[in-house]
Each structure stands twice: as structure tokens, then as C-alpha cells.
>>> print(open('input_35.csv').read())   # CSV, C-alpha atoms
chain,number,residue,atom,x,y,z
A,1,MET,CA,-16.4,-59.1,15.5
A,2,SER,CA,-13.8,-60.5,13.1
A,3,ILE,CA,-10.7,-59.5,11.2
A,4,THR,CA,-8.8,-60.8,8.2
A,5,TRP,CA,-5.1,-61.7,8.6
A,6,ASN,CA,-3.0,-62.6,5.6
A,7,PRO,CA,0.5,-63.5,6.8
A,8,TRP,CA,1.6,-64.2,3.2
A,9,HIS,CA,0.3,-63.5,-0.3
A,10,GLY,CA,0.4,-65.4,-3.6
A,11,CYS,CA,-0.5,-68.9,-4.6
A,12,GLN,CA,-0.4,-71.4,-7.4
A,13,LYS,CA,-3.4,-72.9,-9.1
A,14,ILE,CA,-4.0,-76.6,-8.6
A,15,SER,CA,-7.6,-77.4,-9.6
A,16,ALA,CA,-10.6,-76.2,-11.7
A,17,GLY,CA,-11.8,-74.0,-8.9
A,18,CYS,CA,-8.6,-71.9,-9.2
A,19,GLN,CA,-9.2,-70.9,-12.8
A,20,ASN,CA,-10.6,-67.5,-12.1
A,21,CYS,CA,-9.1,-66.9,-8.7
A,22,TYR,CA,-10.1,-63.6,-7.1
A,23,VAL,CA,-6.6,-63.1,-5.8
A,24,TYR,CA,-5.2,-63.2,-9.4
A,25,ARG,CA,-7.9,-60.8,-10.5
A,26,MET,CA,-7.0,-58.3,-7.7
A,27,ASP,CA,-3.3,-58.6,-8.4
A,28,GLU,CA,-3.8,-57.9,-12.1
A,29,LYS,CA,-5.1,-54.4,-11.2
A,30,TYR,CA,-1.7,-53.6,-9.6
A,31,ASP,CA,0.5,-55.5,-12.0
A,32,ARG,CA,1.4,-57.9,-9.3
A,33,ASP,CA,2.5,-61.5,-10.0
A,34,SER,CA,0.2,-63.8,-8.0
A,35,HIS,CA,2.6,-66.7,-8.5
A,36,GLN,CA,5.2,-65.0,-6.3
A,37,VAL,CA,4.6,-65.9,-2.7
A,38,SER,CA,5.9,-63.5,-0.1
A,39,LYS,CA,5.4,-62.6,3.5
A,40,ASN,CA,3.2,-59.6,4.2
A,41,SER,CA,4.1,-56.7,6.4
A,42,CYS,CA,1.3,-57.8,8.8
A,43,PHE,CA,3.0,-61.1,9.4
A,44,ASN,CA,3.3,-60.4,13.2
A,45,LEU,CA,-0.1,-58.7,13.5
A,46,LEU,CA,-1.3,-61.0,16.2
A,47,LEU,CA,1.5,-60.0,18.6
A,48,LYS,CA,1.4,-56.3,18.1
A,49,LYS,CA,0.5,-54.3,21.2
A,50,LYS,CA,-0.9,-50.9,22.1
A,51,ARG,CA,0.9,-48.4,24.2
A,52,ASP,CA,-0.8,-49.7,27.3
A,53,GLY,CA,0.7,-53.2,26.6
A,54,SER,CA,-2.6,-54.8,25.5
A,55,PHE,CA,-2.8,-56.6,22.2
A,56,LYS,CA,-4.1,-54.6,19.3
A,57,ILE,CA,-6.4,-57.5,18.4
A,58,PRO,CA,-8.4,-58.0,21.6
A,59,PRO,CA,-9.4,-61.5,22.9
A,60,GLY,CA,-12.4,-63.2,21.5
A,61,GLU,CA,-12.0,-62.1,17.9
A,62,MET,CA,-12.5,-64.4,14.9
A,63,VAL,CA,-9.4,-64.1,12.7
A,64,TYR,CA,-10.0,-65.1,9.0
A,65,THR,CA,-6.6,-66.3,8.1
A,66,CYS,CA,-4.7,-66.5,4.8
A,67,PHE,CA,-7.5,-65.5,2.5
A,68,THR,CA,-5.1,-64.3,-0.3
A,69,SER,CA,-3.2,-67.6,-0.4
A,70,ASP,CA,-3.5,-71.2,0.9
A,71,PHE,CA,-2.4,-71.9,4.4
A,72,PHE,CA,-1.0,-75.3,3.4
A,73,LEU,CA,0.9,-73.9,0.3
A,74,ASP,CA,4.3,-75.5,0.0
A,75,ALA,CA,5.9,-72.2,-0.8
A,76,ALA,CA,5.0,-71.0,2.8
A,77,ASP,CA,6.5,-74.1,4.6
A,78,ALA,CA,9.3,-72.0,6.1
A,79,TRP,CA,7.0,-69.5,7.6
A,80,ARG,CA,4.1,-71.7,8.9
A,81,PRO,CA,5.8,-72.9,12.1
A,82,GLU,CA,6.0,-69.3,13.3
A,83,VAL,CA,2.3,-68.8,12.5
A,84,TRP,CA,1.4,-71.9,14.4
A,85,ALA,CA,3.4,-70.5,17.3
A,86,MET,CA,1.5,-67.2,17.2
A,87,MET,CA,-1.8,-69.1,17.1
A,88,ARG,CA,-0.7,-71.0,20.2
A,89,GLU,CA,0.3,-67.8,22.0
A,90,ARG,CA,-3.0,-66.1,21.0
A,91,SER,CA,-5.2,-68.9,22.3
A,92,ASP,CA,-7.6,-66.2,23.2
A,93,LEU,CA,-8.4,-65.8,19.5
A,94,ASN,CA,-10.2,-68.1,17.1
A,95,PHE,CA,-8.8,-68.8,13.6
A,96,MET,CA,-10.5,-70.0,10.4
A,97,PHE,CA,-8.8,-70.7,7.1
A,98,ILE,CA,-9.9,-72.4,3.8
A,99,THR,CA,-7.7,-74.8,1.9
A,100,LYS,CA,-7.6,-76.7,-1.3
A,101,ARG,CA,-4.5,-78.6,-0.1
A,102,ILE,CA,-5.9,-80.9,2.6
A,103,HIS,CA,-3.6,-83.5,1.1
A,104,ARG,CA,-0.7,-81.6,2.7
A,105,PHE,CA,-2.2,-81.5,6.2
A,106,GLU,CA,0.0,-84.1,7.8
A,107,ALA,CA,3.1,-82.4,6.4
A,108,CYS,CA,2.1,-79.0,7.7
A,109,ILE,CA,0.8,-79.4,11.3
A,110,PRO,CA,3.0,-78.7,14.3
A,111,GLU,CA,4.3,-81.5,16.6
A,112,ASP,CA,1.9,-80.6,19.4
A,113,TRP,CA,-1.2,-80.5,17.2
A,114,GLY,CA,-2.7,-83.7,18.7
A,115,ASP,CA,-6.4,-83.8,18.0
A,116,GLY,CA,-6.3,-80.2,16.7
A,117,TYR,CA,-5.9,-76.8,18.3
A,118,PRO,CA,-9.2,-75.8,20.0
A,119,ASN,CA,-9.1,-72.3,18.5
A,120,VAL,CA,-8.5,-73.4,14.8
A,121,HIS,CA,-11.4,-74.1,12.4
A,122,ILE,CA,-10.4,-75.5,9.0
A,123,CYS,CA,-12.5,-75.4,5.9
A,124,CYS,CA,-11.9,-77.7,2.9
A,125,THR,CA,-13.0,-76.4,-0.6
A,126,VAL,CA,-14.6,-78.7,-3.1
A,127,GLU,CA,-15.8,-77.2,-6.4
A,128,ASN,CA,-17.0,-80.3,-8.2
A,129,GLN,CA,-17.6,-84.0,-7.7
A,130,ALA,CA,-14.0,-85.0,-8.6
A,131,MET,CA,-12.5,-82.8,-5.9
A,132,THR,CA,-15.2,-83.9,-3.5
A,133,ASP,CA,-14.3,-87.5,-4.0
A,134,TYR,CA,-10.6,-86.7,-3.6
A,135,ARG,CA,-10.5,-84.2,-0.8
A,136,LEU,CA,-13.3,-85.2,1.6
A,137,PRO,CA,-12.0,-88.7,2.5
A,138,LEU,CA,-8.7,-87.0,3.6
A,139,PHE,CA,-10.6,-84.2,5.4
A,140,LYS,CA,-12.8,-86.6,7.3
A,141,GLU,CA,-9.8,-88.5,8.7
A,142,ALA,CA,-7.7,-85.5,9.6
A,143,PRO,CA,-7.6,-84.7,13.3
A,144,ILE,CA,-9.2,-81.2,13.3
A,145,ARG,CA,-11.5,-80.0,16.1
A,146,TYR,CA,-13.7,-77.9,13.8
A,147,LYS,CA,-14.3,-78.6,10.1
A,148,SER,CA,-16.5,-77.1,7.4
A,149,ILE,CA,-17.0,-77.8,3.7
A,150,VAL,CA,-16.9,-75.0,1.2
A,151,CYS,CA,-18.5,-75.6,-2.2
A,152,SER,CA,-17.2,-72.5,-4.0
A,153,PRO,CA,-17.0,-71.7,-6.7
A,154,LEU,CA,-19.7,-74.3,-7.3
A,155,LEU,CA,-19.0,-75.6,-10.9
A,156,GLY,CA,-21.3,-78.6,-11.1
A,157,PRO,CA,-23.7,-80.8,-9.2
A,158,ILE,CA,-22.2,-82.4,-6.1
A,159,ASP,CA,-23.3,-85.3,-4.0
A,160,LEU,CA,-22.1,-84.7,-0.4
A,161,THR,CA,-24.4,-87.3,1.2
A,162,PRO,CA,-21.6,-89.7,2.1
A,163,TRP,CA,-19.9,-87.0,4.1
A,164,LEU,CA,-22.7,-85.1,5.7
A,165,ASP,CA,-22.3,-86.1,9.3
A,166,PRO,CA,-23.0,-83.5,11.9
A,167,SER,CA,-20.6,-85.3,14.3
A,168,TRP,CA,-17.7,-83.9,12.2
A,169,VAL,CA,-19.0,-81.3,9.7
A,170,CYS,CA,-19.9,-78.0,11.3
A,171,GLN,CA,-21.3,-76.3,8.2
A,172,VAL,CA,-21.5,-76.4,4.4
A,173,THR,CA,-21.0,-73.1,2.6
A,174,VAL,CA,-22.0,-72.7,-1.1
A,175,GLY,CA,-21.3,-70.0,-3.6
A,176,GLY,CA,-21.1,-69.3,-7.3
A,177,GLU,CA,-18.1,-67.7,-9.1
A,178,SER,CA,-17.6,-64.0,-9.3
A,179,GLY,CA,-15.7,-61.9,-11.9
A,180,LEU,CA,-16.1,-61.0,-15.6
A,181,ASN,CA,-15.2,-64.5,-16.7
A,182,ALA,CA,-17.3,-66.3,-14.1
A,183,ARG,CA,-18.5,-69.7,-15.0
A,184,VAL,CA,-22.2,-70.4,-14.7
A,185,CYS,CA,-23.7,-71.7,-11.4
A,186,HIS,CA,-27.1,-73.5,-11.5
A,187,TYR,CA,-29.6,-72.8,-8.8
A,188,ASP,CA,-30.7,-76.4,-8.9
A,189,TRP,CA,-27.2,-77.4,-7.8
A,190,ILE,CA,-27.5,-75.1,-4.8
A,191,LEU,CA,-31.0,-76.4,-3.9
A,192,SER,CA,-29.7,-80.0,-4.1
A,193,LEU,CA,-26.9,-79.2,-1.6
A,194,HIS,CA,-29.4,-77.4,0.6
A,195,ARG,CA,-31.7,-80.5,0.7
A,196,GLN,CA,-28.8,-82.8,1.4
A,197,CYS,CA,-27.8,-80.7,4.4
A,198,VAL,CA,-31.3,-80.4,5.8
A,199,ASP,CA,-31.8,-84.1,5.5
A,200,ALA,CA,-28.5,-84.7,7.3
A,201,ARG,CA,-29.1,-81.9,9.8
A,202,VAL,CA,-25.9,-80.1,8.9
A,203,ALA,CA,-25.8,-76.3,8.8
A,204,PHE,CA,-26.1,-74.8,5.4
A,205,HIS,CA,-25.0,-71.3,4.3
A,206,PHE,CA,-25.7,-69.9,0.8
A,207,GLN,CA,-22.9,-67.3,0.7
A,208,GLN,CA,-23.3,-65.7,-2.8
A,209,THR,CA,-24.9,-66.3,-6.1
A,210,GLY,CA,-21.9,-65.7,-8.3
A,211,ALA,CA,-22.0,-63.4,-11.3
A,212,ARG,CA,-23.9,-65.8,-13.6
A,213,LEU,CA,-26.7,-67.8,-12.1
A,214,VAL,CA,-29.1,-70.0,-14.0
A,215,LYS,CA,-32.5,-70.4,-12.4
A,216,ASP,CA,-35.6,-71.9,-14.1
A,217,HIS,CA,-33.6,-72.1,-17.4
A,218,LYS,CA,-32.9,-68.4,-17.4
A,219,LEU,CA,-29.4,-66.9,-17.0
A,220,TYR,CA,-29.2,-64.0,-14.6
A,221,ARG,CA,-26.1,-61.7,-14.6
A,222,ILE,CA,-25.7,-60.4,-11.1
A,223,LYS,CA,-23.5,-57.5,-10.1
A,224,ARG,CA,-20.8,-58.1,-7.5
A,225,ARG,CA,-22.5,-55.8,-5.0
A,226,ASP,CA,-25.7,-57.8,-5.1
A,227,GLN,CA,-24.4,-61.4,-5.0
A,228,HIS,CA,-24.4,-61.7,-1.2
A,229,SER,CA,-27.7,-60.0,-0.7
A,230,GLN,CA,-29.4,-62.0,-3.4
A,231,ALA,CA,-28.2,-65.2,-1.8
A,232,ARG,CA,-29.6,-64.1,1.6
A,233,LYS,CA,-33.0,-63.3,0.0
A,234,ALA,CA,-33.2,-66.9,-1.2
A,235,GLY,CA,-33.9,-67.9,2.4
A,236,LEU,CA,-31.9,-71.1,2.1
A,237,ASN,CA,-29.6,-70.7,5.2
A,238,TYR,CA,-30.2,-73.5,7.7
A,239,THR,CA,-29.2,-74.1,11.2
A,240,PRO,CA,-30.3,-77.5,12.8
>>> encode(input="input_35.csv", output="C-alpha cells")
Amino acid sequence: MSITWNPWHGCQKISAGCQNCYVYRMDEKYDRDSHQVSKNSCFNLLLKKKRDGSFKIPPGEMVYTCFTSDFFLDAADAWRPEVWAMMRERSDLNFMFITKRIHRFEACIPEDWGDGYPNVHICCTVENQAMTDYRLPLFKEAPIRYKSIVCSPLLGPIDLTPWLDPSWVCQVTVGGESGLNARVCHYDWILSLHRQCVDARVAFHFQQTGARLVKDHKLYRIKRRDQHSQARKAGLNYTP
């Protein structure tokens, strides 16, 4: 089982992948300013208990963390130490978060981080070759126990071969862009990343097609509800 925990909400766009951010799209529906970063009411969710004294979130859960912001966002620097402390206290849980700010890693980790907390999995997002070349050298060198690469929204062909080493990359996840203004994703880009991962024996996950997918020179417009299922039907997921 798994849950989603967003200790804070809001973010600032920093690269091409942020252009049509789903958080901004959701906030527009409620006339909410996505630039404003604030703590959520669920900030202390990890420590909440039932009447019998047991934690509401039972041991063994995967907690998808900070999916409506960026865990390394500078606007959250004042709150992050408390979150690290809760992660330490709940060592019986596993945490995963995705970041476009791996360049802030050293400034954001706690003093006792060492080689990484054994219950924290960090994913680095790269949407094009430029961000791949910038972020992945930093990501590779960062002391993190579990690392994955997320190519989403995939905005162009990417060569990951210099970085596809199963000794440090757990998985590569790929997906197109969703939303009414989604940019086109080419199936050939996805197939290329799939081949790269298979050749390197690194796990590959095709998460979603995106809203506009070009395959065999034809543009397909795919409804949001079908984007994950169509990706699964492609049969590209790979586990070494």
C-alpha cells in the first residue's frame, strides 16, 4: 500500500518541464496562487495516532512525499528539518520524492544524513538533454541510498547512456505531458529510452503517454483517463 503526503504546497517554475505544471493547473480551478508556498494542515500526518496509541499510518507503507511542490524548494527551508526529523522517527515507513532541484541537495540534507537515510528514495527529473547533462552528474555524486531518474514530461530525445548504471540507478520512469496545453511527446523518444535501459539492465517504467503522442508520424490525442492504461498496453515496462 501507499499514501501521498504533501507537507507543504506551492512552487516556482525553474525549467522547461515546469511550463505546464499540473499543480498550477489544479490551483487555477480554485483560484489559488501556486507561487505562494505554505505548510499544509497535514504537516504532522506521520505522527498522528489512533485512540489505541498506534500510528494512523501503519508501518511498511510507501509515502509519496511532496508531490504538490519540490522537497528541496528554498521557500521550504525553514520547515524541512522538522520533516527530516519525522522521517527519522518513522523509520518504519519508506519515503519517495521527486525533485528538479538536485543542485540544492547539499544545502538541504540533515547533519546525520551520512550515505543517506535507508528509508528515503529520491528521484531526479530530467525533461530534455540540457537538464540531463546538468542534473545527472550532480545526482550521481550525491550520497543517496536509492535513486531513480524520471523523464517526465518528456520534451525531446534524451541520451541517458552515460548514466545508466544499475549500481546506482534503481529505475527510469518516462511519461508525456498532460493537460490541455500539453506539448507533443514522440513514441520514438520513449522507445529509445526503453532500449537504452534494456541494454544497460536498468529497470524501465512507461508511466503515461501524455495528452499528445506522435507515433508512426500520426498525432494521437489521448484523454487523461486513458494515458496510464495506454502506456501499460505498450508492454515496455522492464525489470532486469
>>> closest_residue(input="input_35.csv", among="A:Pro153, A:Thr68, A:Thr173, A:Arg51", to="Arg25 of chain A", atoms="only C-alpha atoms")
A:Thr68
>>> atom_distance(input="input_35.csv", atom1="atom CA of Ala200 of chain A", atom2="atom CA of Thr65 of chain A")
28.6 Å
>>> closest_residue(input="input_35.csv", among="A:Leu160, A:Leu154, A:Leu138, A:Leu47", to="Gln208 of chain A", atoms="all atoms listed in the file")
A:Leu154
>>> atom_distance(input="input_35.csv", atom1="atom CA of Pro59 of chain A", atom2="atom CA of Val83 of chain A")
17.3 Å
>>> residues_around(input="input_35.csv", residues="Glu111 of chain A", least_positions_apart="4", cutoff="12 Å", atoms="only C-alpha atoms", output="mmCIF file with C-alpha atoms, keeping the file's coordinate frame")
data_model
loop_
_atom_site.group_PDB
_atom_site.id
_atom_site.type_symbol
_atom_site.label_atom_id
_atom_site.label_comp_id
_atom_site.auth_asym_id
_atom_site.auth_seq_id
_atom_site.Cartn_x
_atom_site.Cartn_y
_atom_site.Cartn_z
ATOM 1 C CA PRO A 81 5.800 -72.900 12.100
ATOM 2 C CA TRP A 84 1.400 -71.900 14.400
ATOM 3 C CA ALA A 85 3.400 -70.500 17.300
ATOM 4 C CA GLU A 106 0.000 -84.100 7.800
ATOM 5 C CA ALA A 107 3.100 -82.400 6.400
ATOM 6 C CA ASP A 115 -6.400 -83.800 18.000
ATOM 7 C CA GLY A 116 -6.300 -80.200 16.700
ATOM 8 C CA TYR A 117 -5.900 -76.800 18.300
#
>>> atom_distance(input="input_35.csv", atom1="atom CA of Thr239 of chain A", atom2="atom CA of Ile122 of chain A")
19.0 Å
>>> residues_near_point(input="input_35.csv", point="(-8.7, -84.0, 0.7)", cutoff="9 Å", atoms="only C-alpha atoms", output="short mmCIF file (atom, residue, chain, number, x, y, z; two decimals) with C-alpha atoms, in the coordinates of the input")
data_model
loop_
_atom_site.label_atom_id
_atom_site.label_comp_id
_atom_site.auth_asym_id
_atom_site.auth_seq_id
_atom_site.Cartn_x
_atom_site.Cartn_y
_atom_site.Cartn_z
CA LYS A 100 -7.60 -76.70 -1.30
CA ARG A 101 -4.50 -78.60 -0.10
CA ILE A 102 -5.90 -80.90 2.60
CA HIS A 103 -3.60 -83.50 1.10
CA ARG A 104 -0.70 -81.60 2.70
CA PHE A 105 -2.20 -81.50 6.20
CA CYS A 124 -11.90 -77.70 2.90
CA THR A 125 -13.00 -76.40 -0.60
CA VAL A 126 -14.60 -78.70 -3.10
CA MET A 131 -12.50 -82.80 -5.90
CA THR A 132 -15.20 -83.90 -3.50
CA ASP A 133 -14.30 -87.50 -4.00
CA TYR A 134 -10.60 -86.70 -3.60
CA ARG A 135 -10.50 -84.20 -0.80
CA LEU A 136 -13.30 -85.20 1.60
CA PRO A 137 -12.00 -88.70 2.50
CA LEU A 138 -8.70 -87.00 3.60
CA PHE A 139 -10.60 -84.20 5.40
CA LYS A 140 -12.80 -86.60 7.30
#
>>> residues_around(input="input_35.csv", residues="Leu93 of chain A", least_positions_apart="6", cutoff="7 Å", atoms="all atoms listed in the file", output="list in words")
Pro59, Gly60, Glu61, Met62 and Asn119 of chain A
>>> closest_residue(input="input_35.csv", among="A:Gly114, A:His121, A:Ala182, A:Met26", to="Met96 of chain A", atoms="all atoms listed in the file")
A:His121
>>> closest_residue(input="input_35.csv", among="A:Pro58, A:Asp216, A:Pro143, A:Ser91", to="Trp113 of chain A", atoms="all atoms listed in the file")
A:Pro143
>>> residues_around(input="input_35.csv", residues="Lys39 of chain A", least_positions_apart="5", cutoff="9 Å", atoms="all atoms listed in the file", output="NGL selection string")
:A and (6-9 or 76 or 79)
